[in-house]
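Enquirer: Following this line is work-v4.txt, made up of compact mmCIF, C-alpha atoms:
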```txt
# COMPACT_ATOMS: atom_id res chain seq x y z
CA MET A 80 6.55 23.85 -60.08
CA ASP A 81 3.20 22.46 -58.99
CA ILE A 82 2.26 20.90 -62.29
CA ALA A 83 -0.72 18.96 -60.98
CA HIS A 84 -2.21 22.23 -59.76
CA ILE A 85 -2.40 23.51 -63.35
CA ALA A 86 -4.27 20.38 -64.46
CA LEU A 87 -6.66 20.68 -61.52
CA THR A 88 -7.48 24.36 -61.98
CA ARG A 89 -7.64 24.91 -65.75
CA HIS A 90 -11.13 24.60 -67.26
CA THR A 91 -12.96 24.83 -70.57
CA CYS A 92 -14.08 28.42 -70.89
CA LYS A 93 -17.69 28.84 -72.00
CA ALA A 94 -17.84 32.64 -72.53
CA TYR A 95 -15.17 35.24 -73.26
CA ASP A 96 -14.76 38.90 -72.42
CA PRO A 97 -14.27 40.41 -75.91
CA SER A 98 -12.51 43.47 -74.50
CA ARG A 99 -9.52 41.57 -73.14
CA GLN A 100 -6.57 40.65 -75.36
CA ILE A 101 -3.68 38.26 -74.74
CA PRO A 102 -0.39 40.22 -74.54
CA ALA A 103 1.82 39.76 -77.61
CA GLU A 104 4.63 38.26 -75.52
CA GLN A 105 2.31 35.46 -74.33
CA VAL A 106 0.95 34.85 -77.83
CA ALA A 107 4.57 34.33 -78.86
CA GLN A 108 4.99 31.78 -76.06
CA LEU A 109 1.89 29.88 -77.21
CA GLU A 110 3.23 29.88 -80.77
CA THR A 111 6.49 28.42 -79.48
CA LEU A 112 4.55 25.68 -77.67
CA LEU A 113 2.77 24.76 -80.89
CA ARG A 114 5.85 24.89 -83.06
CA PHE A 115 7.99 22.91 -80.63
CA ALA A 116 5.36 20.34 -79.70
CA PRO A 117 6.68 16.82 -80.13
CA SER A 118 5.43 14.65 -83.01
CA SER A 119 6.13 11.13 -84.21
CA VAL A 120 9.54 10.93 -85.94
CA ASN A 121 9.58 14.75 -85.74
CA SER A 122 7.10 14.75 -88.64
CA GLN A 123 5.39 18.05 -87.69
CA PRO A 124 2.46 17.10 -89.93
CA TRP A 125 0.52 20.23 -89.22
CA HIS A 126 -0.26 23.88 -89.81
CA PHE A 127 -1.71 26.34 -87.30
CA PHE A 128 -3.81 29.30 -88.46
CA ILE A 129 -4.20 32.05 -85.88
CA ALA A 130 -7.17 34.41 -86.10
CA HIS A 131 -6.90 37.63 -84.13
CA SER A 132 -8.74 40.34 -86.07
CA ASP A 133 -12.53 40.43 -85.88
CA ALA A 134 -12.69 39.67 -89.59
CA ALA A 135 -10.47 36.60 -89.24
CA LYS A 136 -12.44 35.29 -86.26
CA ALA A 137 -15.67 35.83 -88.19
CA ARG A 138 -14.32 33.62 -90.97
CA VAL A 139 -13.66 30.80 -88.50
CA ALA A 140 -17.04 31.36 -86.82
CA LYS A 141 -18.80 30.62 -90.13
CA ALA A 142 -18.17 26.96 -89.26
CA ALA A 143 -20.31 27.36 -86.13
CA ALA A 144 -23.12 29.45 -87.59
CA GLU A 145 -26.55 30.23 -86.17
CA GLY A 146 -28.93 27.39 -86.95
CA SER A 147 -26.16 24.78 -87.19
CA PRO A 148 -25.66 22.14 -84.49
CA TYR A 149 -22.53 24.08 -83.55
CA ALA A 150 -24.17 27.47 -82.99
CA ALA A 151 -23.24 27.54 -79.29
CA ASN A 152 -19.56 27.72 -80.27
CA GLY A 153 -19.90 30.77 -82.52
CA PRO A 154 -19.74 33.39 -79.74
CA LYS A 155 -16.74 31.69 -78.14
CA ILE A 156 -14.87 32.00 -81.43
CA ARG A 157 -15.95 35.60 -82.08
CA HIS A 158 -15.36 36.87 -78.51
CA ALA A 159 -12.03 35.17 -77.80
CA SER A 160 -8.82 37.15 -78.07
CA HIS A 161 -7.13 34.66 -80.40
CA VAL A 162 -8.46 31.56 -82.16
CA VAL A 163 -6.20 28.80 -83.43
CA VAL A 164 -7.32 26.43 -86.18
CA LEU A 165 -5.14 23.34 -85.80
CA CYS A 166 -4.85 21.49 -89.12
CA ALA A 167 -3.39 18.11 -90.00
CA LYS A 168 -1.63 17.20 -93.22
CA THR A 169 -3.77 14.83 -95.25
CA TRP A 170 -0.62 13.24 -96.69
CA ILE A 171 3.09 13.31 -95.92
CA ASP A 172 4.81 13.66 -99.26
CA ASP A 173 8.46 13.34 -100.28
CA GLU A 174 8.93 17.11 -100.32
CA HIS A 175 7.88 17.32 -96.65
CA VAL A 176 10.11 14.41 -95.64
CA ALA A 177 13.07 16.05 -97.45
CA ALA A 178 12.34 19.43 -95.80
CA LEU A 179 12.45 17.80 -92.35
CA LEU A 180 15.84 16.22 -92.99
CA THR A 181 17.30 19.41 -94.47
CA GLN A 182 16.09 21.39 -91.48
CA GLU A 183 17.51 18.88 -88.98
CA GLU A 184 20.87 19.03 -90.76
CA ARG A 185 20.80 22.83 -90.75
CA ASP A 186 19.94 22.80 -87.03
CA GLY A 187 23.01 20.68 -86.31
CA ARG A 188 21.46 17.34 -85.46
CA PHE A 189 23.83 15.27 -87.61
CA PRO A 190 27.41 15.47 -86.37
CA THR A 191 28.06 12.38 -88.53
CA SER A 192 26.65 11.38 -91.92
CA GLU A 193 25.76 8.04 -90.30
CA GLY A 194 23.39 9.89 -87.98
CA LYS A 195 21.69 11.55 -90.93
CA GLU A 196 21.31 8.22 -92.71
CA MET A 197 19.85 6.56 -89.59
CA GLN A 198 17.32 9.35 -89.08
CA ALA A 199 16.26 9.26 -92.74
CA ARG A 200 15.80 5.49 -92.64
CA GLY A 201 13.91 5.51 -89.33
CA ARG A 202 11.49 8.20 -90.47
CA GLN A 203 10.99 6.55 -93.85
CA PHE A 204 10.02 3.31 -92.08
CA TYR A 205 7.27 4.97 -90.01
CA VAL A 206 6.01 7.25 -92.77
CA GLY A 207 5.93 4.18 -95.02
CA LEU A 208 3.78 2.27 -92.52
CA HIS A 209 1.18 5.03 -92.68
CA ARG A 210 1.42 5.57 -96.44
CA ALA A 211 0.56 1.87 -96.79
CA ASP A 212 -2.79 2.64 -95.12
CA PRO A 213 -4.05 5.84 -96.80
CA ALA A 214 -7.17 6.02 -94.59
CA GLY A 215 -4.94 5.71 -91.53
CA MET A 216 -2.54 8.47 -92.65
CA LEU A 217 -4.91 11.29 -91.67
CA ALA A 218 -5.81 9.53 -88.41
CA TRP A 219 -2.06 9.45 -87.63
CA THR A 220 -1.42 13.10 -88.48
CA GLN A 221 -4.53 14.15 -86.55
CA ARG A 222 -3.24 12.31 -83.47
CA GLN A 223 -0.06 14.39 -83.71
CA VAL A 224 -2.20 17.54 -83.89
CA TYR A 225 -3.88 16.48 -80.63
CA LEU A 226 -0.44 16.13 -79.08
CA ALA A 227 0.13 19.79 -79.96
CA LEU A 228 -3.38 20.54 -78.64
CA GLY A 229 -2.54 18.98 -75.25
CA THR A 230 0.62 21.07 -75.09
CA LEU A 231 -1.25 24.25 -75.99
CA LEU A 232 -4.08 23.77 -73.47
CA PHE A 233 -1.71 22.97 -70.64
CA GLY A 234 0.56 25.88 -71.50
CA ALA A 235 -2.38 28.29 -71.66
CA GLY A 236 -3.48 27.08 -68.23
CA ALA A 237 0.00 27.67 -66.84
CA LEU A 238 -0.04 31.23 -68.24
CA GLY A 239 -3.46 32.02 -66.77
CA ILE A 240 -5.05 32.21 -70.22
CA ASP A 241 -8.52 30.69 -70.59
CA ALA A 242 -9.03 28.24 -73.42
CA THR A 243 -11.78 26.28 -75.16
CA PRO A 244 -10.95 23.25 -77.29
CA ILE A 245 -13.70 23.01 -79.93
CA GLU A 246 -14.49 19.91 -81.98
CA GLY A 247 -18.00 21.19 -82.64
CA PHE A 248 -17.61 23.01 -85.96
CA ASP A 249 -18.31 22.23 -89.60
CA ALA A 250 -14.87 21.03 -90.70
CA ASN A 251 -15.77 20.76 -94.37
CA LEU A 252 -17.07 24.33 -94.40
CA LEU A 253 -13.94 25.60 -92.63
CA ASP A 254 -11.69 23.66 -95.03
CA GLU A 255 -13.47 25.42 -97.88
CA GLU A 256 -13.32 28.86 -96.24
CA LEU A 257 -9.56 28.58 -95.67
CA GLY A 258 -8.77 26.78 -98.94
CA LEU A 259 -7.23 23.89 -97.02
CA ALA A 260 -7.66 21.05 -99.53
CA ALA A 261 -5.30 22.80 -101.97
CA GLN A 262 -2.74 22.88 -99.15
CA SER A 263 -3.27 19.17 -98.34
CA LEU A 264 -4.59 20.19 -94.92
CA LYS A 265 -7.67 19.22 -92.91
CA SER A 266 -9.04 21.38 -90.11
CA THR A 267 -8.96 19.13 -87.05
CA VAL A 268 -9.72 21.14 -83.92
CA VAL A 269 -10.22 24.80 -83.05
CA VAL A 270 -9.04 26.46 -79.85
CA ALA A 271 -10.42 29.74 -78.56
CA LEU A 272 -8.04 31.61 -76.22
CA GLY A 273 -8.59 34.68 -74.07
CA TYR A 274 -10.19 35.64 -70.79
CA ARG A 275 -13.50 34.50 -69.36
CA SER A 276 -16.46 36.81 -68.92
CA ALA A 277 -18.94 36.77 -66.02
CA ASP A 278 -21.11 34.47 -68.18
CA ASP A 279 -18.57 31.64 -68.05
CA PHE A 280 -20.67 29.35 -65.86
CA ASN A 281 -18.04 26.61 -66.11
CA ALA A 282 -15.51 28.69 -64.17
CA ARG A 283 -17.74 28.32 -61.11
CA LEU A 284 -18.33 24.57 -61.41
CA PRO A 285 -16.03 21.91 -59.94
CA LYS A 286 -14.09 19.69 -62.31
CA SER A 287 -15.27 16.10 -62.63
CA ARG A 288 -13.27 13.02 -63.48
CA LEU A 289 -13.91 9.29 -63.18
CA PRO A 290 -12.39 7.64 -60.07
CA LYS A 291 -8.68 6.92 -60.35
CA GLU A 292 -9.13 3.14 -60.21
CA ARG A 293 -11.32 3.29 -63.29
CA VAL A 294 -8.69 4.94 -65.50
CA ILE A 295 -5.29 4.05 -64.01
CA SER A 296 -3.98 0.57 -63.15
CA GLU A 297 -0.58 -0.55 -61.95
CA LEU A 298 0.60 -3.38 -64.14
CA GLY A 299 1.70 -6.51 -62.29
CA MET B 30 6.40 30.77 -65.49
CA ASP B 31 8.51 30.51 -68.63
CA ILE B 32 6.38 27.98 -70.42
CA ALA B 33 8.13 28.29 -73.76
CA HIS B 34 11.39 27.37 -72.05
CA ILE B 35 9.96 23.94 -71.13
CA ALA B 36 8.98 23.28 -74.75
CA LEU B 37 12.41 24.38 -75.96
CA THR B 38 14.43 22.27 -73.52
CA ARG B 39 12.53 18.98 -73.18
CA HIS B 40 13.68 16.22 -75.53
CA THR B 41 12.96 12.63 -76.46
CA CYS B 42 15.21 10.51 -74.26
CA LYS B 43 17.03 7.73 -76.10
CA ALA B 44 18.65 5.87 -73.17
CA TYR B 45 17.76 5.62 -69.47
CA ASP B 46 19.78 5.15 -66.31
CA PRO B 47 18.08 2.07 -64.82
CA SER B 48 19.28 2.92 -61.31
CA ARG B 49 17.28 6.15 -61.01
CA GLN B 50 13.63 6.12 -59.97
CA ILE B 51 11.00 8.87 -60.16
CA PRO B 52 9.98 9.91 -56.61
CA ALA B 53 6.50 8.69 -55.64
CA GLU B 54 5.27 12.25 -55.15
CA GLN B 55 6.09 13.11 -58.77
CA VAL B 56 4.56 9.88 -60.08
CA ALA B 57 1.39 10.98 -58.31
CA GLN B 58 1.58 14.35 -60.09
CA LEU B 59 1.94 12.63 -63.47
CA GLU B 60 -1.06 10.43 -62.66
CA THR B 61 -3.05 13.56 -61.86
CA LEU B 62 -2.04 15.06 -65.22
CA LEU B 63 -3.29 11.97 -67.04
CA ARG B 64 -6.50 11.68 -65.06
CA PHE B 65 -7.36 15.38 -65.35
CA ALA B 66 -6.35 15.78 -69.00
CA PRO B 67 -9.17 17.35 -71.00
CA SER B 68 -11.15 15.24 -73.48
CA SER B 69 -14.01 15.90 -75.87
CA VAL B 70 -17.33 16.22 -73.98
CA ASN B 71 -15.37 15.03 -70.90
CA SER B 72 -15.55 11.52 -72.40
CA GLN B 73 -12.32 10.25 -70.80
CA PRO B 74 -12.25 7.40 -73.32
CA TRP B 75 -9.05 5.89 -71.98
CA HIS B 76 -7.17 3.72 -69.55
CA PHE B 77 -3.55 4.14 -68.46
CA PHE B 78 -1.49 1.13 -67.37
CA ILE B 79 1.63 1.99 -65.39
CA ALA B 80 4.52 -0.48 -65.32
CA HIS B 81 7.09 0.06 -62.58
CA SER B 82 8.40 -3.36 -61.53
CA ASP B 83 10.98 -5.05 -63.75
CA ALA B 84 8.47 -7.82 -64.44
CA ALA B 85 5.79 -5.36 -65.57
CA LYS B 86 8.22 -3.44 -67.81
CA ALA B 87 9.37 -6.75 -69.32
CA ARG B 88 5.77 -7.50 -70.25
CA VAL B 89 5.48 -4.18 -72.11
CA ALA B 90 8.90 -4.68 -73.71
CA LYS B 91 7.67 -7.90 -75.35
CA ALA B 92 6.04 -5.58 -77.89
CA ALA B 93 9.49 -4.25 -78.86
CA ALA B 94 11.40 -7.54 -78.88
CA GLU B 95 14.81 -8.31 -80.34
CA GLY B 96 14.50 -9.07 -84.02
CA SER B 97 11.35 -6.97 -84.44
CA PRO B 98 11.38 -3.60 -86.26
CA TYR B 99 10.86 -2.06 -82.81
CA ALA B 100 13.89 -3.65 -81.11
CA ALA B 101 15.56 -0.27 -80.48
CA ASN B 102 12.72 0.65 -78.13
CA GLY B 103 13.03 -2.42 -75.88
CA PRO B 104 15.89 -1.09 -73.71
CA LYS B 105 14.11 2.27 -73.27
CA ILE B 106 11.10 0.42 -71.88
CA ARG B 107 13.11 -1.91 -69.66
CA HIS B 108 15.49 0.74 -68.27
CA ALA B 109 13.00 3.54 -67.64
CA SER B 110 11.73 4.15 -64.12
CA HIS B 111 8.06 4.03 -65.10
CA VAL B 112 6.36 3.10 -68.36
CA VAL B 113 2.82 4.17 -69.20
CA VAL B 114 0.73 2.30 -71.77
CA LEU B 115 -1.90 4.77 -72.93
CA CYS B 116 -4.99 2.93 -74.22
CA ALA B 117 -8.09 4.16 -76.05
CA LYS B 118 -11.57 2.76 -75.69
CA THR B 119 -12.59 0.97 -78.89
CA TRP B 120 -16.21 1.92 -78.24
CA ILE B 121 -18.08 4.30 -75.95
CA ASP B 122 -21.02 2.32 -74.64
CA ASP B 123 -24.11 3.38 -72.70
CA GLU B 124 -22.62 2.22 -69.41
CA HIS B 125 -19.65 4.57 -69.87
CA VAL B 126 -21.87 7.49 -70.85
CA ALA B 127 -24.03 6.89 -67.76
CA ALA B 128 -20.95 6.63 -65.51
CA LEU B 129 -19.73 10.02 -66.73
CA LEU B 130 -23.04 11.71 -65.97
CA THR B 131 -23.32 10.07 -62.53
CA GLN B 132 -19.78 11.17 -61.69
CA GLU B 133 -20.41 14.74 -62.84
CA GLU B 134 -23.54 14.88 -60.69
CA ARG B 135 -21.66 13.48 -57.69
CA ASP B 136 -18.90 16.05 -58.23
CA GLY B 137 -21.43 18.87 -58.08
CA ARG B 138 -21.53 20.00 -61.69
CA PHE B 139 -25.34 20.19 -61.90
CA PRO B 140 -26.78 22.83 -59.58
CA THR B 141 -29.99 22.53 -61.64
CA SER B 142 -31.59 19.52 -63.31
CA GLU B 143 -31.67 21.59 -66.50
CA GLY B 144 -27.86 21.63 -66.46
CA LYS B 145 -27.76 17.86 -66.16
CA GLU B 146 -30.19 17.46 -69.05
CA MET B 147 -28.18 19.86 -71.25
CA GLN B 148 -24.92 18.04 -70.55
CA ALA B 149 -26.50 14.64 -71.26
CA ARG B 150 -27.96 15.88 -74.55
CA GLY B 151 -24.75 17.58 -75.68
CA ARG B 152 -22.59 14.55 -74.99
CA GLN B 153 -25.10 12.21 -76.60
CA PHE B 154 -24.97 14.32 -79.77
CA TYR B 155 -21.19 14.04 -80.11
CA VAL B 156 -20.95 10.40 -79.04
CA GLY B 157 -23.73 9.69 -81.52
CA LEU B 158 -21.78 11.33 -84.36
CA HIS B 159 -18.90 8.95 -83.73
CA ARG B 160 -21.06 5.89 -83.15
CA ALA B 161 -22.51 6.52 -86.61
CA ASP B 162 -18.99 5.98 -88.03
CA PRO B 163 -17.66 2.88 -86.22
CA ALA B 164 -14.25 3.06 -87.94
CA GLY B 165 -13.97 6.69 -86.86
CA MET B 166 -14.84 5.95 -83.21
CA LEU B 167 -11.39 4.56 -82.39
CA ALA B 168 -9.70 7.37 -84.35
CA TRP B 169 -11.66 9.82 -82.14
CA THR B 170 -10.82 8.14 -78.84
CA GLN B 171 -7.16 7.80 -79.88
CA ARG B 172 -7.02 11.54 -80.57
CA GLN B 173 -8.18 12.13 -77.00
CA VAL B 174 -5.42 9.82 -75.77
CA TYR B 175 -2.91 12.00 -77.63
CA LEU B 176 -4.32 15.02 -75.85
CA ALA B 177 -3.46 13.25 -72.58
CA LEU B 178 -0.07 12.35 -74.09
CA GLY B 179 0.70 16.01 -74.82
CA THR B 180 -0.21 16.91 -71.25
CA LEU B 181 1.97 14.12 -69.85
CA LEU B 182 5.05 14.96 -71.94
CA PHE B 183 4.86 18.65 -71.16
CA GLY B 184 4.31 17.98 -67.45
CA ALA B 185 7.23 15.57 -67.30
CA GLY B 186 9.41 18.23 -68.94
CA ALA B 187 8.32 20.79 -66.37
CA LEU B 188 9.21 18.38 -63.55
CA GLY B 189 12.67 17.61 -65.00
CA ILE B 190 11.70 14.03 -65.79
CA ASP B 191 12.95 12.61 -69.10
CA ALA B 192 10.38 10.99 -71.36
CA THR B 193 10.14 9.00 -74.58
CA PRO B 194 6.86 8.79 -76.50
CA ILE B 195 6.91 5.45 -78.35
CA GLU B 196 4.68 4.57 -81.30
CA GLY B 197 7.13 1.87 -82.40
CA PHE B 198 5.77 -1.24 -80.70
CA ASP B 199 3.64 -4.20 -81.75
CA ALA B 200 0.22 -2.98 -80.63
CA ASN B 201 -1.55 -6.25 -81.39
CA LEU B 202 0.98 -8.19 -79.34
CA LEU B 203 0.66 -5.74 -76.43
CA ASP B 204 -3.15 -5.86 -76.61
CA GLU B 205 -2.89 -9.64 -76.29
CA GLU B 206 -0.34 -9.51 -73.45
CA LEU B 207 -2.52 -7.15 -71.40
CA GLY B 208 -5.86 -8.70 -72.36
CA LEU B 209 -7.07 -5.38 -73.74
CA ALA B 210 -9.67 -6.58 -76.26
CA ALA B 211 -11.80 -8.01 -73.45
CA GLN B 212 -11.70 -4.55 -71.83
CA SER B 213 -12.66 -2.82 -75.11
CA LEU B 214 -9.27 -1.09 -75.09
CA LYS B 215 -6.57 -0.63 -77.74
CA SER B 216 -2.96 0.16 -76.83
CA THR B 217 -2.25 3.46 -78.59
CA VAL B 218 1.07 4.87 -77.45
CA VAL B 219 3.69 3.98 -74.82
CA VAL B 220 5.66 6.51 -72.78
CA ALA B 221 8.91 5.68 -70.99
CA LEU B 222 9.69 8.03 -68.08
CA GLY B 223 12.81 8.34 -65.95
CA TYR B 224 16.27 9.86 -66.16
CA ARG B 225 18.70 9.82 -69.08
CA SER B 226 21.97 7.88 -68.99
CA ALA B 227 25.26 9.02 -70.53
CA ASP B 228 24.25 7.10 -73.67
CA ASP B 229 21.33 9.45 -74.40
CA PHE B 230 22.88 11.03 -77.49
CA ASN B 231 19.73 13.08 -78.08
CA ALA B 232 20.30 15.10 -74.90
CA ARG B 233 23.40 16.61 -76.54
CA LEU B 234 21.77 17.45 -79.88
CA PRO B 235 19.90 20.69 -80.61
CA LYS B 236 16.17 20.53 -81.24
CA SER B 237 15.01 21.02 -84.80
CA ARG B 238 11.75 22.42 -86.07
CA LEU B 239 10.54 23.71 -89.42
CA PRO B 240 10.65 27.51 -89.81
CA LYS B 241 7.78 29.33 -88.16
CA GLU B 242 6.33 30.59 -91.45
CA ARG B 243 5.94 27.02 -92.65
CA VAL B 244 3.74 25.93 -89.75
CA ILE B 245 2.04 29.08 -88.42
CA SER B 246 0.05 31.65 -90.39
CA GLU B 247 -1.93 34.64 -89.23
CA LEU B 248 -5.37 34.51 -90.79
CA GLY B 249 -6.43 37.63 -92.63
```
Let's see the structure in the file written out as structure tokens.
Expert:
Amino acid sequence: MDIAHIALTRHTCKAYDPSRQIPAEQVAQLETLLRFAPSSVNSQPWHFFIAHSDAAKARVAKAAAEGSPYAANGPKIRHASHVVVLCAKTWIDDEHVAALLTQEERDGRFPTSEGKEMQARGRQFYVGLHRADPAGMLAWTQRQVYLALGTLLFGAGALGIDATPIEGFDANLLDEELGLAAQSLKSTVVVALGYRSADDFNARLPKSRLPKERVISELG
Amino acid sequence: MDIAHIALTRHTCKAYDPSRQIPAEQVAQLETLLRFAPSSVNSQPWHFFIAHSDAAKARVAKAAAEGSPYAANGPKIRHASHVVVLCAKTWIDDEHVAALLTQEERDGRFPTSEGKEMQARGRQFYVGLHRADPAGMLAWTQRQVYLALGTLLFGAGALGIDATPIEGFDANLLDEELGLAAQSLKSTVVVALGYRSADDFNARLPKSRLPKERVISELG
């Protein structure tokens, strides 16, 4: 598989063809990518809301309304086939930690009780580090969400689906619209997914990256 | 391409065979994945140090020394074929912003001077948002590094290369060892890459994830 080719040819889509929809089988693949994305100590500190109907996309697009600094992103959200709102947990509580361990046991990851004990202790150590720094907790969970974001964007590229990662939206407004605070969630990044229209000027432009020597060094 | 299959079969490697090396051609592909990973407003706020020699890996492994809470990660770092230290910029300065624009122009992204002006203004807006919140600047750049991390882990999986994302290391010690503060960089996450040994117990265990309904919702 020519993996580098995917990285070199995917691009950030700037305009979608609203008439084209992602086939259900590929949406299912993208959901699998999100759900099975890796995360620190398998914490999965996230929730992904998927908007597909026009009404659902309009709700998300409220966070990039006309007249706001994010207005340019509204049409991408409304015209995409599917829009994912990637949210981070604002806190990892005991119930979540217990649910992870129960699930791992159910999935067969603990052939011995020692293994279960080790996993519980290891995760508690790292979760504890971040609980000790409440401001850092959300920064940590949001980093995990970006790990899932990287997986999603690359996977979409491999499937020939156009994508737009969007940081430019009113996160507080979207949190309110989706009732996220009550779910201990924070909207972190939005991804539009679908197929470019003829107006996607970025599809015609070359990619640009800093020279290799500026971003990669071999350690001596 | 069965993209979901990659997500379902990759795993976090727990022990490496020190005798096996990643072929140079595949290392080059992984470097391309890192360098061409997407980032907000194409900011590329990162630097990737690659350790391949035993001496270089030993330097990184100092941050997971015997007797530290991170001791279990030392052998993974020392026995892997290649180890990447993914670093985030602690600040995005005017020189970096100017270098991005110059590079984009050189790469042919501005057929019109209006395009160049638009790109400069757009990026300045988002960089400005994060400069206004100095504590949040590093959180932002570290999120971008995790986007590159997601790309790297998925790409390694697709190439049949085992990988271990490692948050458990002494970041301050590693920053010191690599002289990162003077380069306005912060070590953010380490990835060991190579091939599992027979001691990699995780290769034999099933993956575990929370039920779909707990992490994915369709928005109404």
Enquirer: Could I get the residues of chain A with an atom no further than 6 Å from an atom of chain B, each paired with its nearest atom pair and that distance in Å to one decimal, using only C-alpha atoms, sorted by chain and residue number, as CSV?
Expert:
```
residue,atom,partner,partner_atom,distance
A:Ala83,CA,B:Gln58,CA,5.2
A:Ala86,CA,B:Leu62,CA,5.8
A:Gln108,CA,B:Ala33,CA,5.2
A:Thr111,CA,B:Ala33,CA,6.0
A:Leu112,CA,B:Ala36,CA,5.8
A:Phe115,CA,B:Ala36,CA,6.0
A:His126,CA,B:Val244,CA,4.5
A:Phe127,CA,B:Ile245,CA,4.8
A:Phe128,CA,B:Ser246,CA,4.9
A:Ile129,CA,B:Glu247,CA,4.8
A:Ala130,CA,B:Leu248,CA,5.0
A:Ala135,CA,B:Gly249,CA,5.4
A:Glu183,CA,B:Ser237,CA,5.3
A:Asp186,CA,B:Ser237,CA,5.7
A:Arg188,CA,B:Leu234,CA,5.6
A:Arg222,CA,B:Arg172,CA,4.8
A:Tyr225,CA,B:Leu176,CA,5.0
A:Leu226,CA,B:Gly179,CA,4.4
A:Gly229,CA,B:Leu176,CA,4.4
A:Thr230,CA,B:Gly179,CA,5.1
A:Leu284,CA,B:Arg138,CA,5.6
A:Ser287,CA,B:Glu133,CA,5.3
A:Val294,CA,B:His76,CA,4.5
A:Ile295,CA,B:Phe77,CA,4.8
A:Ser296,CA,B:Phe78,CA,4.9
A:Glu297,CA,B:Ile79,CA,4.8
A:Leu298,CA,B:Ala80,CA,5.0
A:Gly299,CA,B:Ala85,CA,5.4
```
Enquirer: Can those selected residues be exported to a file as a PDB file, in the frame of the given file so that it contains C-alpha atoms?
Expert:
```pdb
ATOM      1  CA  ALA A  83      -0.720  18.960 -60.980  1.00  0.00           C
ATOM      2  CA  ALA A  86      -4.270  20.380 -64.460  1.00  0.00           C
ATOM      3  CA  GLN A 108       4.990  31.780 -76.060  1.00  0.00           C
ATOM      4  CA  THR A 111       6.490  28.420 -79.480  1.00  0.00           C
ATOM      5  CA  LEU A 112       4.550  25.680 -77.670  1.00  0.00           C
ATOM      6  CA  PHE A 115       7.990  22.910 -80.630  1.00  0.00           C
ATOM      7  CA  HIS A 126      -0.260  23.880 -89.810  1.00  0.00           C
ATOM      8  CA  PHE A 127      -1.710  26.340 -87.300  1.00  0.00           C
ATOM      9  CA  PHE A 128      -3.810  29.300 -88.460  1.00  0.00           C
ATOM     10  CA  ILE A 129      -4.200  32.050 -85.880  1.00  0.00           C
ATOM     11  CA  ALA A 130      -7.170  34.410 -86.100  1.00  0.00           C
ATOM     12  CA  ALA A 135     -10.470  36.600 -89.240  1.00  0.00           C
ATOM     13  CA  GLU A 183      17.510  18.880 -88.980  1.00  0.00           C
ATOM     14  CA  ASP A 186      19.940  22.800 -87.030  1.00  0.00           C
ATOM     15  CA  ARG A 188      21.460  17.340 -85.460  1.00  0.00           C
ATOM     16  CA  ARG A 222      -3.240  12.310 -83.470  1.00  0.00           C
ATOM     17  CA  TYR A 225      -3.880  16.480 -80.630  1.00  0.00           C
ATOM     18  CA  LEU A 226      -0.440  16.130 -79.080  1.00  0.00           C
ATOM     19  CA  GLY A 229      -2.540  18.980 -75.250  1.00  0.00           C
ATOM     20  CA  THR A 230       0.620  21.070 -75.090  1.00  0.00           C
ATOM     21  CA  LEU A 284     -18.330  24.570 -61.410  1.00  0.00           C
ATOM     22  CA  SER A 287     -15.270  16.100 -62.630  1.00  0.00           C
ATOM     23  CA  VAL A 294      -8.690   4.940 -65.500  1.00  0.00           C
ATOM     24  CA  ILE A 295      -5.290   4.050 -64.010  1.00  0.00           C
ATOM     25  CA  SER A 296      -3.980   0.570 -63.150  1.00  0.00           C
ATOM     26  CA  GLU A 297      -0.580  -0.550 -61.950  1.00  0.00           C
ATOM     27  CA  LEU A 298       0.600  -3.380 -64.140  1.00  0.00           C
ATOM     28  CA  GLY A 299       1.700  -6.510 -62.290  1.00  0.00           C
TER      29      GLY A 299
END
```
Enquirer: Rounded to one decimal place, report the atom CA of Leu272 of chain A-atom CA of Ala167 of chain A distance in Å.
Expert: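 A separation of 19.8 Å between them.
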Enquirer: Grab the atom CA of Thr217 of chain B to atom CA of Met166 of chain B distance for me, in Å with one decimal place.
Expert: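 Atom-to-atom, atom CA of Thr217 of chain B to atom CA of Met166 of chain B, that is 13.6 Å.
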Enquirer: Name all residues at most 6 Å from Ala221 of chain B (count all atoms listed in the file; drop same-chain ones fewer than 3 positions away) and give them as JSON, numbers by chain.
Expert: {"B": [106, 109, 112, 192, 193]}
Enquirer: By how many Å are atom CA of Arg49 of chain B and atom CA of Gly223 of chain B apart?
Expert: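 Taking atom CA of Arg49 of chain B as the start and atom CA of Gly223 of chain B as the end point, the length is 7.0 Å.
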Enquirer: For segment 144-153 of chain B, what centre and edge lengths in Å (one decimal) does the axis-aligned box get once 4 Å is added on each side of all its listed atoms, as AutoDock Vina command-line options?
Expert:
```
--center_x -26.4 --center_y 16.9 --center_z -71.4 --size_x 15.6 --size_y 17.4 --size_z 18.4
```
Enquirer: A:Met197, A:Ala94, A:Val176, A:Ala144: which is nearest Ser160 of chain A, counting all atoms listed in the file?
Expert: A:Ala94
Enquirer: Smallest atom-to-atom distance to Pro52 of chain B: which of B:Ile190, B:Pro163, B:Lys145, B:Arg225, using all atoms listed in the file?
Expert: B:Ile190
Enquirer: Neighbours of Ala210 of chain B within 12 Å (all atoms listed in the file; same-chain residues fewer than 3 positions away dropped), as a PyMOL selection string?
Expert: chain B and resi 116-120+200-207+213-216
Enquirer: Pick from A:Gly207, A:Gly258, A:Gly194, A:Gly153: nearest to Ala140 of chain A, with all atoms listed in the file counted?
Expert: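 For Ala140 of chain A, the nearest of the given residues is A:Gly153.
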